[in-house]
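query.cif (mmCIF, C-alpha atoms)
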data_upload
loop_
_atom_site.label_atom_id
_atom_site.label_comp_id
_atom_site.auth_asym_id
_atom_site.auth_seq_id
_atom_site.Cartn_x
_atom_site.Cartn_y
_atom_site.Cartn_z
CA THR F 4 0.00 0.00 0.00
CA ASN F 5 2.77 2.44 0.92
CA ALA F 6 4.66 1.79 -2.31
CA VAL F 7 1.57 2.20 -4.53
CA ALA F 8 0.41 5.29 -2.66
CA GLY F 9 3.81 6.89 -3.23
CA LEU F 10 3.62 6.69 -7.03
CA ASP F 11 2.82 9.86 -8.95
CA ALA F 12 -0.25 9.82 -11.18
CA ALA F 13 1.65 9.26 -14.43
CA SER F 14 3.63 6.32 -13.04
CA ALA F 15 0.61 4.75 -11.37
CA ALA F 16 -1.40 4.91 -14.59
CA LEU F 17 1.09 2.51 -16.22
CA GLY F 18 0.42 -0.05 -13.50
CA VAL F 19 2.51 -2.02 -11.06
CA VAL F 20 4.39 -5.31 -11.26
CA CYS F 21 6.00 -7.56 -8.67
CA HIS F 22 7.23 -11.06 -8.19
CA SER F 23 5.95 -12.88 -5.14
CA SER F 24 5.30 -16.24 -3.56
CA GLY F 25 1.78 -15.02 -2.84
CA ASN F 26 1.33 -12.68 0.10
CA HIS F 27 3.14 -9.62 -1.27
CA GLY F 28 1.37 -10.15 -4.57
CA ALA F 29 -2.03 -10.18 -2.91
CA ALA F 30 -1.20 -7.02 -0.97
CA LEU F 31 0.03 -5.23 -4.11
CA ALA F 32 -3.04 -6.34 -6.05
CA ALA F 33 -5.33 -5.00 -3.31
CA ALA F 34 -3.47 -1.67 -3.20
CA ALA F 35 -3.56 -1.40 -7.00
CA ALA F 36 -7.28 -2.15 -7.05
CA GLU F 37 -7.89 0.54 -4.44
CA ARG F 38 -6.05 3.07 -6.59
CA GLY F 39 -7.62 1.78 -9.79
CA VAL F 40 -4.42 0.83 -11.63
CA PRO F 41 -3.37 -2.39 -13.43
CA CYS F 42 -1.39 -5.01 -11.54
CA CYS F 43 0.66 -7.99 -12.70
CA VAL F 44 2.12 -10.52 -10.26
CA VAL F 45 4.80 -13.00 -11.29
CA VAL F 46 4.72 -16.12 -9.13
CA PRO F 47 6.74 -19.35 -9.06
CA ARG F 48 4.85 -22.25 -10.63
CA THR F 49 5.06 -23.99 -7.22
CA THR F 50 2.83 -21.34 -5.59
CA PRO F 51 -0.29 -22.85 -3.95
CA GLY F 52 -3.42 -22.51 -6.06
CA ALA F 53 -5.32 -20.84 -3.22
CA LYS F 54 -2.82 -17.96 -3.20
CA ILE F 55 -3.01 -17.57 -6.97
CA ASP F 56 -6.82 -17.48 -6.76
CA ASN F 57 -6.58 -14.86 -4.02
CA MET F 58 -4.40 -12.57 -6.14
CA ARG F 59 -6.75 -12.93 -9.09
CA ARG F 60 -9.70 -12.16 -6.81
CA TYR F 61 -8.05 -8.80 -6.05
CA GLY F 62 -7.75 -8.16 -9.78
CA ALA F 63 -4.15 -9.13 -10.50
CA ARG F 64 -3.00 -10.71 -13.75
CA VAL F 65 -0.89 -13.66 -12.63
CA VAL F 66 2.07 -14.92 -14.64
CA LEU F 67 3.86 -18.16 -13.71
CA CYS F 68 7.63 -18.64 -13.82
CA GLU F 69 10.28 -21.10 -12.69
CA PRO F 70 10.95 -21.10 -8.91
CA THR F 71 14.31 -19.30 -9.02
CA GLN F 72 15.25 -15.75 -8.11
CA SER F 73 16.62 -15.06 -11.59
CA ALA F 74 13.46 -16.31 -13.32
CA ARG F 75 11.28 -14.22 -11.03
CA SER F 76 13.30 -11.04 -11.67
CA GLU F 77 13.60 -11.56 -15.43
CA THR F 78 9.92 -12.37 -15.91
CA ALA F 79 8.81 -9.39 -13.81
CA ALA F 80 11.09 -7.06 -15.80
CA ALA F 81 9.67 -8.38 -19.08
CA GLU F 82 6.08 -7.91 -17.87
CA ALA F 83 6.80 -4.36 -16.67
CA ALA F 84 8.24 -3.51 -20.10
CA ALA F 85 5.27 -5.11 -21.89
CA MET F 86 2.94 -2.88 -19.85
CA GLY F 87 4.78 0.19 -21.15
CA GLY F 88 7.05 0.78 -18.17
CA ALA F 89 4.99 -0.26 -15.17
CA ALA F 90 6.48 0.39 -11.74
CA PHE F 91 8.23 -2.62 -10.24
CA VAL F 92 7.53 -3.06 -6.52
CA HIS F 93 10.02 -5.51 -5.07
CA PRO F 94 8.62 -7.77 -2.30
CA TYR F 95 11.39 -6.82 0.13
CA ASP F 96 14.26 -4.90 -1.50
CA ASP F 97 12.36 -1.62 -1.65
CA ALA F 98 12.59 1.29 0.82
CA ALA F 99 8.85 2.05 0.56
CA VAL F 100 7.96 -1.59 1.29
CA LEU F 101 10.41 -1.60 4.22
CA ALA F 102 8.80 1.57 5.61
CA GLY F 103 5.34 0.05 5.27
CA GLN F 104 6.41 -3.09 7.11
CA GLY F 105 7.99 -0.88 9.76
CA THR F 106 4.55 0.31 10.88
CA ILE F 107 4.27 -3.04 12.67
CA GLY F 108 7.14 -1.87 14.86
CA LEU F 109 5.42 1.47 15.44
CA GLU F 110 2.27 -0.29 16.67
CA LEU F 111 4.25 -2.60 18.95
CA ALA F 112 6.08 0.36 20.49
CA GLU F 113 2.85 2.27 21.06
CA GLU F 114 0.76 -0.60 22.43
CA LEU F 115 3.30 -2.60 24.47
CA PRO F 116 5.34 -0.34 26.75
CA GLN F 117 6.76 -3.38 28.56
CA LEU F 118 8.09 -4.93 25.33
CA ASP F 119 11.67 -6.21 25.56
CA ALA F 120 11.96 -8.57 22.57
CA VAL F 121 10.19 -9.36 19.29
CA LEU F 122 10.36 -12.55 17.22
CA VAL F 123 9.97 -11.85 13.50
CA PRO F 124 9.78 -14.39 10.65
CA VAL F 125 12.34 -13.71 7.94
CA SER F 126 12.51 -14.38 4.22
CA GLY F 127 13.89 -11.57 2.06
CA GLY F 128 14.05 -9.27 5.08
CA GLY F 129 11.46 -6.57 4.38
CA MET F 130 9.44 -7.20 7.51
CA VAL F 131 12.31 -7.85 9.91
CA GLY F 132 14.29 -4.91 8.53
CA GLY F 133 11.37 -2.50 8.76
CA ILE F 134 10.47 -3.56 12.28
CA ALA F 135 14.10 -3.34 13.39
CA VAL F 136 14.46 0.22 12.06
CA ALA F 137 11.21 1.38 13.70
CA LEU F 138 11.94 -0.17 17.09
CA HIS F 139 15.54 1.02 17.07
CA ALA F 140 14.27 4.58 16.63
CA LEU F 141 11.54 4.38 19.25
CA ARG F 142 12.62 1.66 21.68
CA PRO F 143 16.34 0.95 21.13
CA GLY F 144 16.49 -1.50 24.03
CA VAL F 145 14.08 -3.96 22.40
CA ARG F 146 15.74 -7.04 20.91
CA VAL F 147 14.59 -7.94 17.40
CA ILE F 148 15.17 -11.66 16.89
CA ALA F 149 14.81 -13.22 13.45
CA VAL F 150 13.10 -16.60 13.04
CA GLU F 151 14.00 -18.58 9.92
CA PRO F 152 13.17 -21.91 8.32
CA LYS F 153 15.96 -24.40 8.94
CA GLY F 154 18.71 -24.15 6.34
CA LYS F 155 18.60 -20.41 5.69
CA GLY F 156 21.76 -19.65 7.67
CA LEU F 157 21.05 -16.02 8.56
CA GLY F 158 22.87 -16.36 11.89
CA ARG F 159 26.07 -17.26 10.07
CA CYS F 160 25.58 -14.37 7.64
CA LEU F 161 25.24 -11.95 10.56
CA ALA F 162 28.28 -13.41 12.32
CA LEU F 163 30.42 -13.07 9.17
CA SER F 164 28.88 -9.73 8.10
CA GLN F 165 28.24 -11.30 4.69
CA ARG F 166 24.83 -11.06 3.04
CA VAL F 167 25.31 -13.90 0.54
CA LEU F 168 27.44 -16.90 1.48
CA ASP F 169 26.77 -18.99 -1.65
CA PRO F 170 25.68 -16.92 -4.70
CA GLU F 171 24.80 -19.99 -6.78
CA ALA F 172 22.62 -21.55 -4.07
CA ALA F 173 20.97 -18.17 -3.39
CA ASN F 174 19.23 -18.38 -6.76
CA GLY F 175 17.16 -21.34 -5.55
CA ALA F 176 14.56 -21.66 -2.82
CA LEU F 177 14.64 -23.13 0.67
CA ASP F 178 13.25 -26.62 1.12
CA THR F 179 10.51 -25.87 3.65
CA ILE F 180 6.76 -26.25 4.01
CA ALA F 181 6.68 -22.50 4.75
CA ASP F 182 6.12 -21.64 1.08
CA ALA F 183 5.74 -17.91 1.77
CA ILE F 184 9.30 -17.52 3.06
CA ARG F 185 11.55 -19.64 0.87
CA THR F 186 13.96 -16.86 -0.16
CA LYS F 187 17.47 -17.83 0.90
CA CYS F 188 19.13 -14.42 1.33
CA LEU F 189 18.14 -10.98 2.54
CA GLY F 190 17.97 -8.26 -0.09
CA PRO F 191 20.63 -5.51 -0.05
CA THR F 192 18.24 -2.87 1.32
CA PRO F 193 16.92 -4.85 4.32
CA TRP F 194 20.39 -6.32 4.90
CA ALA F 195 21.77 -2.81 5.46
CA ALA F 196 19.38 -2.43 8.40
CA ALA F 197 19.30 -6.02 9.62
CA SER F 198 23.06 -6.48 9.74
CA GLN F 199 23.30 -3.53 12.13
CA LEU F 200 20.12 -3.85 14.19
CA LEU F 201 19.15 -7.51 14.49
CA ASP F 202 19.97 -9.57 17.55
CA PRO F 203 22.84 -11.96 16.75
CA ALA F 204 20.72 -14.85 18.01
CA VAL F 205 18.68 -16.26 15.11
CA LEU F 206 16.15 -19.00 15.82
CA SER F 207 15.79 -21.77 13.21
CA VAL F 208 12.81 -24.13 13.09
CA ASP F 209 12.25 -27.24 11.00
CA ASP F 210 9.12 -28.50 9.27
CA ASP F 211 8.09 -30.74 12.16
CA GLN F 212 8.23 -27.81 14.58
CA ILE F 213 6.18 -25.70 12.16
CA ARG F 214 3.55 -28.43 11.82
CA ALA F 215 3.34 -28.77 15.60
CA ALA F 216 2.88 -25.01 15.95
CA MET F 217 0.13 -25.00 13.32
CA ARG F 218 -1.65 -27.74 15.24
CA ILE F 219 -1.41 -25.82 18.53
CA ALA F 220 -2.67 -22.66 16.82
CA LEU F 221 -5.68 -24.58 15.55
CA LEU F 222 -6.52 -26.59 18.67
CA GLU F 223 -5.59 -24.12 21.41
CA LEU F 224 -5.89 -20.68 19.80
CA LYS F 225 -8.67 -21.60 17.34
CA GLN F 226 -6.73 -19.99 14.50
CA VAL F 227 -5.94 -21.50 11.11
CA VAL F 228 -2.54 -20.23 9.96
CA GLU F 229 -0.33 -21.08 7.02
CA PRO F 230 3.14 -22.55 7.77
CA ALA F 231 4.93 -19.20 7.55
CA GLY F 232 2.37 -17.73 9.96
CA ALA F 233 3.25 -20.42 12.51
CA LEU F 234 7.00 -19.84 12.31
CA THR F 235 7.37 -17.56 15.33
CA LEU F 236 5.06 -19.72 17.46
CA ALA F 237 7.25 -22.70 16.55
CA ALA F 238 10.29 -20.71 17.68
CA LEU F 239 8.57 -19.64 20.89
CA LEU F 240 7.95 -23.29 21.75
CA SER F 241 11.43 -24.46 20.78
CA PRO F 242 14.25 -25.57 23.12
CA ALA F 243 16.46 -22.92 21.49
CA PHE F 244 14.14 -20.13 22.68
CA LYS F 245 14.07 -21.57 26.18
CA GLN F 246 17.87 -21.54 26.23
CA LEU F 247 17.89 -17.97 24.96
CA ARG F 248 15.51 -16.86 27.70
CA GLU F 249 17.56 -18.60 30.36
CA ALA F 250 20.75 -16.97 29.08
CA CYS F 251 19.07 -13.54 29.14
CA ALA F 252 17.80 -14.10 32.67
CA ALA F 253 21.26 -15.15 33.85
CA HIS F 254 22.79 -12.07 32.22
CA ALA F 255 20.21 -9.82 33.90
CA ARG F 256 20.92 -11.39 37.31
CA ALA F 257 24.65 -10.90 36.80
CA GLN F 258 24.12 -7.24 35.94
CA GLN F 259 21.97 -6.68 39.03
CA GLN F 260 24.61 -8.34 41.16
CA HIS F 261 27.29 -6.11 39.66
CA VAL F 262 25.22 -3.00 40.35
CA HIS F 263 24.67 -4.12 43.95
CA VAL F 264 28.38 -4.76 44.51
CA HIS F 265 29.30 -1.43 42.88
CA ALA F 266 26.85 0.43 45.08
CA HIS F 267 28.18 -1.35 48.19
CA VAL F 268 31.78 -0.43 47.34
CA HIS F 269 30.91 3.21 46.93
CA ALA F 270 28.65 3.37 49.97
#

Can the structure in the file be given as structure tokens, please?
Amino acid sequence: TNAVAGLDAASAALGVVCHSSGNHGAALAAAAAERGVPCCVVVPRTTPGAKIDNMRRYGARVVLCEPTQSARSETAAAEAAAMGGAAFVHPYDDAAVLAGQGTIGLELAEELPQLDAVLVPVSGGGMVGGIAVALHALRPGVRVIAVEPKGKGLGRCLALSQRVLDPEAANGALDTIADAIRTKCLGPTPWAAASQLLDPAVLSVDDDQIRAAMRIALLELKQVVEPAGALTLAALLSPAFKQLREACAAHARAQQQHVHVHAHVHA
């Protein structure tokens, strides 16, 4: 919505194009429909039919491509040119998209004054980057912890300060049931924020953990969520998160003890 709203009238009239695994495409299609401009969404041929139907319901013209980053980019560029120069709205490597996602962080800061940490699912990095920027500006003490499908390797990227560890593998997609977040690497724009602002602890969850979280969401919370939507719940229930909480608690106790000893020395 933010990206489409920011287009001038002449640019908007030519329409908008994106590539997406489904959710970004649906959001762009809805924003385009609201503004009354054409929309084309390029999706991998492996995209679930329900998501394709949803994009078409919002008025998007859907074009299928091979499930690689290069195919997505090339097909989207060709469609934008065929439309006469339509605006390309990247699903995550776009400052306007990042800013729009960042409003989640604004709401968290306003509504949860006691907030000390946020778990955010990560794919290309638009959401986690936007939230990290917003919270860093408003609540710099809040830890923003990325949650990834197993195999992504974001923690190693952060540790090495290297966005892409294997350029050839980055062109493919992660092997995960979380079809909405199969991108292997963060985009350059969100990486610039994430590499500086994210907590170094990255939580990884496998397909079994995601399935278990989906089941709990259904049976206990009475919510039906797609695999990507269950990612952070899976992390919250994981042994790795328990260890992280225990380590944080131990650190906090050590700090309190240090303050007490310091105060006693200077008394």

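Among the candidates F:Leu168, F:Ala181, F:Val145, F:Leu189, the one nearest to Ser126 in chain F when counting all atoms listed in the file is F:Leu189.
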
Set out as JSON lines a contact list for range 140-238 of chain F and range 74-92 of chain F with a cut-off of 12 Å, giving each residue of range 140-238 of chain F that qualifies its closest atom pair and distance in Å to one decimal, counting only C-alpha atoms, ordered by chain and rising residue number.
{"residue": "F:Asn174", "atom": "CA", "partner": "F:Ala74", "partner_atom": "CA", "distance": 9.0}
{"residue": "F:Gly175", "atom": "CA", "partner": "F:Ala74", "partner_atom": "CA", "distance": 10.0}
{"residue": "F:Ala176", "atom": "CA", "partner": "F:Arg75", "partner_atom": "CA", "distance": 11.6}
{"residue": "F:Thr186", "atom": "CA", "partner": "F:Arg75", "partner_atom": "CA", "distance": 11.5}

- Message: as a list of chain:residue names, please: the residues near range 242-255 of chain F (cut-off 7 Å, all atoms listed in the file, same-chain neighbours under 4 positions excluded).
- Response: F:Leu206, F:Ala238, F:Gln259

- Query: Nearest to Lys155 in chain F among F:His22, F:Lys54, F:Arg185, F:Arg64, with distances taken over all atoms listed in the file: which residue is it?
  - Reply: F:Arg185

- Within 12 Å of file point (24.3, -21.8, -1.4), counting all atoms listed in the file, expressed as an MDAnalysis selection string: chainID F and resid 154:157 160 166:177 186:188

- Query: Evaluating the PyMOL selection byres ((chain F and resi 15) around 10) on the displayed file yields which residues, as a list in words?
  - Reply: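 Residues picked by the PyMOL selection byres ((chain F and resi 15) around 10): Val7, Ala8, Gly9, Leu10, Asp11, Ala12, Ala13, Ser14, Ala16, Leu17, Gly18, Val19, Ala35, Arg38, Gly39, Val40, Pro41, Cys42, Ala89 and Ala90 of chain F.
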
- Query: Quick one: which residues end up in the PyMOL selection byres ((chain F and resi 112-125) around 9) for this structure, as a ChimeraX atom specification?
  - Reply: /F:107-111,126-131,134,137-138,141-142,144-152,184,186,189,206,231-232,234-236,238-239

For range 172-190 of chain F, take all atoms listed in the file, fit an axis-aligned box around them, add 4 Å to each of the six sides, then output centre and edge lengths in Å rounded to one decimal, as lines of an AutoDock Vina configuration file.
center_x = 14.2
center_y = -17.4
center_z = -1.0
size_x = 24.9
size_y = 26.4
size_z = 19.5

Reconstruct N, CA and C atoms of range 34-62 of chain F; output as a PDB file, in the coordinates of the input.
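Below you can see rebuild27.pdb, which holds the result:
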ATOM      1  N   ALA F  34      -3.808  -3.096  -3.179  1.00  0.00           N
ATOM      2  CA  ALA F  34      -3.470  -1.670  -3.200  1.00  0.00           C
ATOM      3  C   ALA F  34      -3.692  -1.083  -4.598  1.00  0.00           C
ATOM      4  N   ALA F  35      -3.353  -1.866  -5.623  1.00  0.00           N
ATOM      5  CA  ALA F  35      -3.560  -1.400  -7.000  1.00  0.00           C
ATOM      6  C   ALA F  35      -5.047  -1.251  -7.303  1.00  0.00           C
ATOM      7  N   ALA F  36      -5.839  -2.214  -6.833  1.00  0.00           N
ATOM      8  CA  ALA F  36      -7.280  -2.150  -7.050  1.00  0.00           C
ATOM      9  C   ALA F  36      -7.878  -0.922  -6.374  1.00  0.00           C
ATOM     10  N   GLU F  37      -7.384  -0.628  -5.178  1.00  0.00           N
ATOM     11  CA  GLU F  37      -7.890   0.540  -4.440  1.00  0.00           C
ATOM     12  C   GLU F  37      -7.590   1.834  -5.189  1.00  0.00           C
ATOM     13  N   ARG F  38      -6.412   1.858  -5.850  1.00  0.00           N
ATOM     14  CA  ARG F  38      -6.050   3.070  -6.590  1.00  0.00           C
ATOM     15  C   ARG F  38      -6.565   3.036  -8.033  1.00  0.00           C
ATOM     16  N   GLY F  39      -7.062   1.885  -8.450  1.00  0.00           N
ATOM     17  CA  GLY F  39      -7.620   1.780  -9.790  1.00  0.00           C
ATOM     18  C   GLY F  39      -6.595   1.672 -10.888  1.00  0.00           C
ATOM     19  N   VAL F  40      -5.479   0.972 -10.630  1.00  0.00           N
ATOM     20  CA  VAL F  40      -4.420   0.830 -11.630  1.00  0.00           C
ATOM     21  C   VAL F  40      -4.166  -0.651 -11.906  1.00  0.00           C
ATOM     22  N   PRO F  41      -3.640  -0.997 -13.091  1.00  0.00           N
ATOM     23  CA  PRO F  41      -3.370  -2.390 -13.430  1.00  0.00           C
ATOM     24  C   PRO F  41      -2.280  -2.999 -12.555  1.00  0.00           C
ATOM     25  N   CYS F  42      -2.372  -4.315 -12.369  1.00  0.00           N
ATOM     26  CA  CYS F  42      -1.390  -5.010 -11.540  1.00  0.00           C
ATOM     27  C   CYS F  42      -1.077  -6.374 -12.155  1.00  0.00           C
ATOM     28  N   CYS F  43       0.212  -6.676 -12.244  1.00  0.00           N
ATOM     29  CA  CYS F  43       0.660  -7.990 -12.700  1.00  0.00           C
ATOM     30  C   CYS F  43       1.552  -8.586 -11.625  1.00  0.00           C
ATOM     31  N   VAL F  44       1.311  -9.833 -11.266  1.00  0.00           N
ATOM     32  CA  VAL F  44       2.120 -10.520 -10.260  1.00  0.00           C
ATOM     33  C   VAL F  44       2.746 -11.763 -10.877  1.00  0.00           C
ATOM     34  N   VAL F  45       4.053 -11.834 -10.820  1.00  0.00           N
ATOM     35  CA  VAL F  45       4.800 -13.000 -11.290  1.00  0.00           C
ATOM     36  C   VAL F  45       5.010 -13.931 -10.103  1.00  0.00           C
ATOM     37  N   VAL F  46       4.594 -15.184 -10.246  1.00  0.00           N
ATOM     38  CA  VAL F  46       4.720 -16.120  -9.130  1.00  0.00           C
ATOM     39  C   VAL F  46       5.407 -17.408  -9.604  1.00  0.00           C
ATOM     40  N   PRO F  47       6.162 -18.053  -8.712  1.00  0.00           N
ATOM     41  CA  PRO F  47       6.740 -19.350  -9.060  1.00  0.00           C
ATOM     42  C   PRO F  47       5.624 -20.350  -9.349  1.00  0.00           C
ATOM     43  N   ARG F  48       5.871 -21.269 -10.266  1.00  0.00           N
ATOM     44  CA  ARG F  48       4.850 -22.250 -10.630  1.00  0.00           C
ATOM     45  C   ARG F  48       4.503 -23.180  -9.468  1.00  0.00           C
ATOM     46  N   THR F  49       5.322 -23.160  -8.400  1.00  0.00           N
ATOM     47  CA  THR F  49       5.060 -23.990  -7.220  1.00  0.00           C
ATOM     48  C   THR F  49       4.132 -23.307  -6.208  1.00  0.00           C
ATOM     49  N   THR F  50       3.696 -22.095  -6.513  1.00  0.00           N
ATOM     50  CA  THR F  50       2.830 -21.340  -5.590  1.00  0.00           C
ATOM     51  C   THR F  50       1.483 -22.058  -5.422  1.00  0.00           C
ATOM     52  N   PRO F  51       1.009 -22.198  -4.177  1.00  0.00           N
ATOM     53  CA  PRO F  51      -0.290 -22.850  -3.950  1.00  0.00           C
ATOM     54  C   PRO F  51      -1.419 -22.188  -4.737  1.00  0.00           C
ATOM     55  N   GLY F  52      -2.307 -23.020  -5.262  1.00  0.00           N
ATOM     56  CA  GLY F  52      -3.420 -22.510  -6.060  1.00  0.00           C
ATOM     57  C   GLY F  52      -4.299 -21.529  -5.306  1.00  0.00           C
ATOM     58  N   ALA F  53      -4.462 -21.736  -4.007  1.00  0.00           N
ATOM     59  CA  ALA F  53      -5.320 -20.840  -3.220  1.00  0.00           C
ATOM     60  C   ALA F  53      -4.755 -19.417  -3.213  1.00  0.00           C
ATOM     61  N   LYS F  54      -3.425 -19.296  -3.196  1.00  0.00           N
ATOM     62  CA  LYS F  54      -2.820 -17.960  -3.200  1.00  0.00           C
ATOM     63  C   LYS F  54      -2.960 -17.306  -4.570  1.00  0.00           C
ATOM     64  N   ILE F  55      -2.830 -18.102  -5.624  1.00  0.00           N
ATOM     65  CA  ILE F  55      -3.010 -17.570  -6.970  1.00  0.00           C
ATOM     66  C   ILE F  55      -4.452 -17.081  -7.138  1.00  0.00           C
ATOM     67  N   ASP F  56      -5.404 -17.871  -6.677  1.00  0.00           N
ATOM     68  CA  ASP F  56      -6.820 -17.480  -6.760  1.00  0.00           C
ATOM     69  C   ASP F  56      -7.073 -16.189  -5.981  1.00  0.00           C
ATOM     70  N   ASN F  57      -6.400 -16.047  -4.845  1.00  0.00           N
ATOM     71  CA  ASN F  57      -6.580 -14.860  -4.020  1.00  0.00           C
ATOM     72  C   ASN F  57      -6.090 -13.608  -4.736  1.00  0.00           C
ATOM     73  N   MET F  58      -4.930 -13.719  -5.405  1.00  0.00           N
ATOM     74  CA  MET F  58      -4.400 -12.570  -6.140  1.00  0.00           C
ATOM     75  C   MET F  58      -5.319 -12.194  -7.297  1.00  0.00           C
ATOM     76  N   ARG F  59      -5.830 -13.193  -7.986  1.00  0.00           N
ATOM     77  CA  ARG F  59      -6.750 -12.930  -9.090  1.00  0.00           C
ATOM     78  C   ARG F  59      -8.054 -12.314  -8.586  1.00  0.00           C
ATOM     79  N   ARG F  60      -8.479 -12.717  -7.397  1.00  0.00           N
ATOM     80  CA  ARG F  60      -9.700 -12.160  -6.810  1.00  0.00           C
ATOM     81  C   ARG F  60      -9.547 -10.658  -6.557  1.00  0.00           C
ATOM     82  N   TYR F  61      -8.315 -10.225  -6.251  1.00  0.00           N
ATOM     83  CA  TYR F  61      -8.050  -8.800  -6.050  1.00  0.00           C
ATOM     84  C   TYR F  61      -7.844  -8.063  -7.377  1.00  0.00           C
ATOM     85  N   GLY F  62      -7.853  -8.808  -8.479  1.00  0.00           N
ATOM     86  CA  GLY F  62      -7.750  -8.160  -9.780  1.00  0.00           C
ATOM     87  C   GLY F  62      -6.410  -8.266 -10.469  1.00  0.00           C
TER      88      GLY F  62
END
